[in-house]
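Dumped coords-v3.csv below, it's CSV, C-alpha atoms and all ligand atoms:
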```csv
chain,number,residue,atom,x,y,z
A,256,MET,CA,-13.0,-13.0,19.3
A,257,LEU,CA,-10.1,-11.0,17.9
A,258,ARG,CA,-12.0,-7.8,17.4
A,259,ARG,CA,-13.9,-8.0,20.6
A,260,GLY,CA,-10.6,-8.5,22.5
A,261,TYR,CA,-9.2,-5.4,20.9
A,262,ARG,CA,-12.3,-3.3,21.7
A,263,ARG,CA,-12.0,-4.4,25.3
A,264,ALA,CA,-8.4,-3.2,25.4
A,265,PHE,CA,-8.9,0.1,23.5
A,266,GLY,CA,-12.6,0.8,22.8
A,267,LEU,CA,-13.3,1.7,19.2
A,268,LEU,CA,-10.1,3.3,18.2
A,269,PRO,CA,-10.2,7.0,17.4
A,270,PRO,CA,-8.9,8.0,13.9
A,271,LEU,CA,-5.4,9.3,13.4
A,272,PRO,CA,-5.2,13.1,13.3
A,273,PRO,CA,-5.6,14.7,9.8
A,274,GLU,CA,-1.9,15.6,9.5
A,275,MET,CA,-0.9,12.1,10.1
A,276,ILE,CA,-3.4,10.8,7.6
A,277,LEU,CA,-1.8,13.1,5.0
A,278,GLN,CA,1.6,11.6,5.7
A,279,MET,CA,0.1,8.2,5.5
A,280,VAL,CA,-1.4,9.0,2.1
A,281,GLN,CA,2.1,10.0,1.0
A,282,ALA,CA,3.6,6.8,2.4
A,283,HIS,CA,1.1,4.6,0.6
A,284,ARG,CA,1.6,6.5,-2.6
A,285,LEU,CA,5.4,5.9,-2.4
A,286,PHE,CA,4.7,2.2,-1.6
A,287,ALA,CA,2.4,1.9,-4.6
A,288,VAL,CA,5.0,3.2,-7.0
A,289,GLY,CA,7.8,1.0,-5.5
A,290,GLN,CA,9.6,3.7,-3.6
A,291,TYR,CA,9.8,1.4,-0.6
A,292,SER,CA,12.7,2.9,1.3
A,293,GLN,CA,11.1,6.4,1.3
A,294,SER,CA,7.8,4.9,2.2
A,295,ALA,CA,9.4,2.9,5.0
A,296,ALA,CA,11.2,5.9,6.5
A,297,LEU,CA,8.0,8.0,6.4
A,298,LEU,CA,6.0,5.2,8.1
A,299,GLU,CA,8.6,4.7,10.8
A,300,ASN,CA,8.5,8.4,11.7
A,301,LEU,CA,4.8,8.3,11.7
A,302,GLY,CA,4.8,5.3,13.9
A,303,ASN,CA,7.2,7.0,16.3
A,304,SER,CA,5.0,10.1,16.4
A,305,ALA,CA,1.8,8.0,16.9
A,306,ARG,CA,3.5,6.1,19.7
A,307,ALA,CA,4.8,9.3,21.4
A,308,SER,CA,1.3,10.8,21.3
A,309,GLY,CA,0.0,7.6,22.8
A,310,LEU,CA,-2.3,6.9,19.8
A,311,PRO,CA,-3.7,3.3,19.8
A,312,ARG,CA,-3.2,3.0,16.1
A,313,ALA,CA,0.6,3.2,16.4
A,314,PRO,CA,1.1,-0.6,16.2
A,315,ARG,CA,-0.6,-0.7,12.8
A,316,VAL,CA,1.6,2.1,11.6
A,317,PHE,CA,4.7,0.1,12.7
A,318,PHE,CA,3.3,-3.0,10.9
A,319,GLN,CA,3.0,-0.9,7.7
A,320,ALA,CA,6.5,0.4,8.3
A,321,ALA,CA,7.8,-3.2,8.7
A,322,ARG,CA,6.1,-4.2,5.4
A,323,ALA,CA,7.7,-1.3,3.5
A,324,ASN,CA,11.1,-2.3,4.9
A,325,TRP,CA,10.7,-5.9,3.8
A,326,HIS,CA,9.9,-4.7,0.3
A,327,ALA,CA,12.9,-2.4,0.4
A,328,ASN,CA,15.0,-5.5,1.3
A,329,GLN,CA,15.7,-4.0,4.8
A,330,VAL,CA,14.4,-7.3,6.2
A,331,SER,CA,16.0,-7.2,9.7
A,332,HIS,CA,15.0,-3.6,10.3
A,333,GLY,CA,11.5,-4.5,9.3
A,334,MET,CA,11.6,-7.3,11.8
A,335,ASP,CA,12.6,-4.8,14.5
A,336,LEU,CA,9.6,-2.6,13.7
A,337,MET,CA,7.3,-5.7,13.6
A,338,ARG,CA,8.4,-6.6,17.1
A,339,ILE,CA,7.7,-3.0,18.3
A,340,ALA,CA,4.2,-3.4,16.9
A,341,LEU,CA,3.6,-6.8,18.5
A,342,ASP,CA,5.1,-5.8,21.8
A,343,MET,CA,2.8,-2.8,22.0
A,344,LEU,CA,-0.3,-4.9,21.2
A,345,VAL,CA,0.6,-7.6,23.7
A,346,ALA,CA,1.3,-5.0,26.4
A,347,ALA,CA,-2.1,-3.6,25.7
A,348,GLY,CA,-3.7,-7.0,26.0
A,349,ALA,CA,-4.6,-7.1,22.3
A,350,VAL,CA,-3.3,-10.6,21.9
A,351,GLY,CA,-5.8,-11.5,19.2
A,352,ILE,CA,-4.8,-8.6,17.0
A,353,ALA,CA,-1.1,-9.3,17.6
A,354,GLY,CA,-1.8,-12.8,16.3
A,355,GLN,CA,-3.8,-11.6,13.3
A,356,ILE,CA,-1.0,-9.1,12.3
A,357,ALA,CA,1.7,-11.7,12.8
A,358,SER,CA,-0.1,-14.2,10.6
A,359,LEU,CA,-0.5,-11.6,7.8
A,360,ALA,CA,3.2,-10.8,8.2
A,361,MET,CA,4.2,-14.5,8.1
A,362,THR,CA,2.2,-15.0,4.9
A,363,GLU,CA,3.9,-12.0,3.4
A,364,LEU,CA,7.4,-13.0,4.6
A,365,ASN,CA,7.0,-16.6,3.3
A,366,GLY,CA,5.8,-15.2,0.0
A,367,MET,CA,8.9,-13.1,-0.3
A,368,GLY,CA,11.1,-16.1,0.5
A,369,HIS,CA,12.0,-15.0,4.1
A,370,LYS,CA,11.1,-18.2,5.8
A,371,GLN,CA,13.5,-17.8,8.7
A,372,GLU,CA,11.9,-14.4,9.6
A,373,ALA,CA,8.4,-15.9,9.3
A,374,ASP,CA,9.5,-18.7,11.7
A,375,GLN,CA,10.8,-16.1,14.1
A,376,LEU,CA,7.4,-14.5,14.2
A,377,HIS,CA,5.8,-17.9,14.8
A,378,ASP,CA,8.2,-18.4,17.7
A,379,TYR,CA,7.3,-15.0,19.1
A,380,LEU,CA,3.6,-15.8,18.9
A,381,VAL,CA,3.7,-19.1,20.7
A,382,LYS,CA,5.5,-17.4,23.7
A,383,ILE,CA,2.7,-14.9,24.2
A,384,PRO,CA,0.9,-15.8,27.4
A,385,GLY,CA,-2.6,-16.7,26.6
A,386,TRP,CA,-1.8,-17.2,22.9
A,387,GLN,CA,-2.8,-20.8,22.8
A,388,GLU,CA,-6.4,-20.2,23.9
A,389,THR,CA,-6.8,-17.4,21.4
A,390,ALA,CA,-5.2,-19.3,18.6
A,391,SER,CA,-7.4,-22.4,19.1
A,392,GLU,CA,-10.6,-20.4,19.0
A,393,THR,CA,-12.3,-20.6,15.7
A,394,PRO,CA,-13.6,-17.3,14.4
A,395,PRO,CA,-17.0,-16.5,15.8
A,396,GLU,CA,-20.0,-17.3,13.5
A,397,GLU,CA,-19.7,-14.0,11.8
A,398,LYS,CA,-22.2,-13.2,9.1
A,399,ALA,CA,-20.7,-12.6,5.7
A,400,LYS,CA,-19.7,-8.9,5.6
A,401,PRO,CA,-20.5,-6.7,2.6
A,402,ALA,CA,-17.7,-6.0,0.1
A,403,LEU,CA,-15.5,-3.0,1.0
A,404,PRO,CA,-13.6,-0.8,-1.5
A,405,THR,CA,-10.1,-2.1,-2.1
A,406,HIS,CA,-8.4,1.0,-0.7
A,407,CYS,CA,-9.2,3.5,2.0
A,408,LYS,CA,-10.2,6.8,0.4
A,409,GLN,CA,-8.6,8.8,3.2
A,410,CYS,CA,-5.1,7.2,3.7
A,411,GLY,CA,-4.8,4.9,0.7
A,412,ALA,CA,-4.2,1.7,2.8
A,413,ALA,CA,-5.3,-1.6,1.2
A,414,VAL,CA,-8.5,-2.6,2.9
A,415,ARG,CA,-9.0,-6.2,4.1
A,416,SER,CA,-12.5,-7.0,5.5
A,417,ASP,CA,-10.9,-9.3,8.1
A,418,GLU,CA,-8.6,-6.5,9.3
A,419,VAL,CA,-10.9,-3.5,9.7
A,420,ASP,CA,-12.9,-2.7,12.8
A,421,TRP,CA,-16.6,-3.0,11.9
A,422,ILE,CA,-18.7,-0.1,13.2
A,423,ASP,CA,-22.0,-1.4,11.9
A,424,GLU,CA,-23.3,-3.8,9.2
A,425,ILE,CA,-22.1,-1.7,6.3
A,426,THR,CA,-19.5,0.6,7.8
A,427,ALA,CA,-16.0,-0.3,8.9
A,428,ALA,CA,-13.2,1.8,10.3
A,429,CYS,CA,-9.9,1.7,8.3
A,430,ALA,CA,-7.4,-0.3,10.4
A,431,TYR,CA,-4.7,2.2,9.7
A,432,CYS,CA,-6.2,5.6,9.9
A,433,GLY,CA,-9.6,5.0,11.4
A,434,SER,CA,-11.6,6.7,8.8
A,435,PRO,CA,-15.0,5.2,8.1
A,436,ILE,CA,-15.2,3.0,5.0
A,437,ARG,CA,-18.6,2.2,3.5
A,438,ALA,CA,-19.4,-1.0,1.9
A,439,GLU,CA,-19.9,-0.8,-1.9
A,440,LYS,CA,-23.4,-1.3,-3.1
A,441,ALA,CA,-23.7,-4.6,-4.9
A,501,ZN,ZN,-7.3,4.6,6.1
```

Kindly present the structure from the file in structure tokens form.
Ligand SMILES: [Zn+2]
Amino acid sequence: MLRRGYRRAFGLLPPLPPEMILQMVQAHRLFAVGQYSQSAALLENLGNSARASGLPRAPRVFFQAARANWHANQVSHGMDLMRIALDMLVAAGAVGIAGQIASLAMTELNGMGHKQEADQLHDYLVKIPGWQETASETPPEEKAKPALPTHCKQCGAAVRSDEVDWIDEITAACAYCGSPIRAEKA
């Protein structure tokens, strides 16, 4: 239901423009080598540009910016960015995606020992109108999806098969930059 709800709100999301993908590559590279503050600053700028241009992928960029901030020990600033991402999704009616991103974030925050912040996200979630119905839905009887590469070849984001937008049986769109990602042949 999550993905269908998102589609209803936005349609299949267009990819980020190429210059933004290049900045995202840089941000993911910095993240990968542990330069979290630089990565966080770049991602926040990118999120602001994406939002100013009205790009529907902006909330994902803010989510990445939030993660980079948590890794840089800028926990409360990361929470501010996380709230921007969630507010944008909820305002667009993409409650399912807001819930999905919030659960990923809660797992990550708990793993880093930031239980209080994880609980704040939970409190945020339960206050979203319509959240209960969405949360209680079990995932649709989706067929097992083919394995995707671990990272997006275009922007370098880590790929999760439950986070991407599936275009067809073997192709997904990167959740972050929108580039097509093909399943690897078994
Ligand atoms: Zn990508």

Using only C-alpha atoms and all ligand atoms, tabulate the residues of chain A lying at most 8 Å from any atom of ligand ZN 501 (chain A), each with its closest atom pair and that distance in Å to one decimal, by chain and increasing residue number, as CSV.
```
residue,atom,partner,partner_atom,distance
A:Ile276,CA,A:ZN501,ZN,7.5
A:His406,CA,A:ZN501,ZN,7.8
A:Cys407,CA,A:ZN501,ZN,4.7
A:Lys408,CA,A:ZN501,ZN,6.8
A:Gln409,CA,A:ZN501,ZN,5.3
A:Cys410,CA,A:ZN501,ZN,4.2
A:Gly411,CA,A:ZN501,ZN,6.0
A:Ala412,CA,A:ZN501,ZN,5.4
A:Val414,CA,A:ZN501,ZN,8.0
A:Ala428,CA,A:ZN501,ZN,7.8
A:Cys429,CA,A:ZN501,ZN,4.5
A:Ala430,CA,A:ZN501,ZN,6.5
A:Tyr431,CA,A:ZN501,ZN,5.0
A:Cys432,CA,A:ZN501,ZN,4.1
A:Gly433,CA,A:ZN501,ZN,5.8
A:Ser434,CA,A:ZN501,ZN,5.5
A:Pro435,CA,A:ZN501,ZN,8.0
```

List as a list in words the protein and nucleic acid residues near region 373-386 of chain A, meaning an atom at most 8 Å away when only C-alpha atoms are counted, but skip any in the same chain fewer than 2 places from it. Val345, Val350, Gly351, Gly354, Ala357, Ala360, Met361, Thr362, Leu364, Asn365, His369, Lys370, Gln371, Glu388, Thr389 and Ala390 of chain A

Would you mind listing what lies within 8 Å of region 333-338 of chain A as a PyMOL selection string, with only C-alpha atoms counted and same-chain residues fewer than 5 positions away left out? chain A and resi 299+317-318+320-325+372

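Here CA of Leu267 (chain A) is placed at a distance of 9.3 Å from CA of Trp421 (chain A).
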
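Of note, CA of Gln290 (chain A) and CA of Ser308 (chain A) are spaced 27.2 Å apart.
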
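With CA of Pro314 (chain A) on one side and CA of Ala346 (chain A) on the other, the separation reads 11.1 Å.
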
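Using only C-alpha atoms, the shortest contact distance between Asp417 (chain A) and any of A:Gln293, A:Gln281, A:Gln329, A:Gln355 is found at A:Gln355.
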
Using all atoms listed in the file, determine which residues lie at most 9 Å from Met275 (chain A), disregarding the query and same-chain residues fewer than 6 positions distant; provide the list as a VMD selection string. chain A and resid 301 304 to 305 432

For Arg437 (chain A), list every protein, DNA or RNA residue within 9 Å, evaluated using only C-alpha atoms, and leave out those in the same chain fewer than 5 positions away; present the list as a ChimeraX atom specification. /A:402-404,425-428

Within 8 Å of Ala313 (chain A) using only C-alpha atoms, minus same-chain residues under 4 positions, as an NGL selection string: :A and (302-303 or 305-306 or 309 or 317 or 340)

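Closest approach to His326 (chain A) among A:Leu268, A:Leu277, A:Leu285, A:Met367 is made by A:Met367 (distances from only C-alpha atoms).
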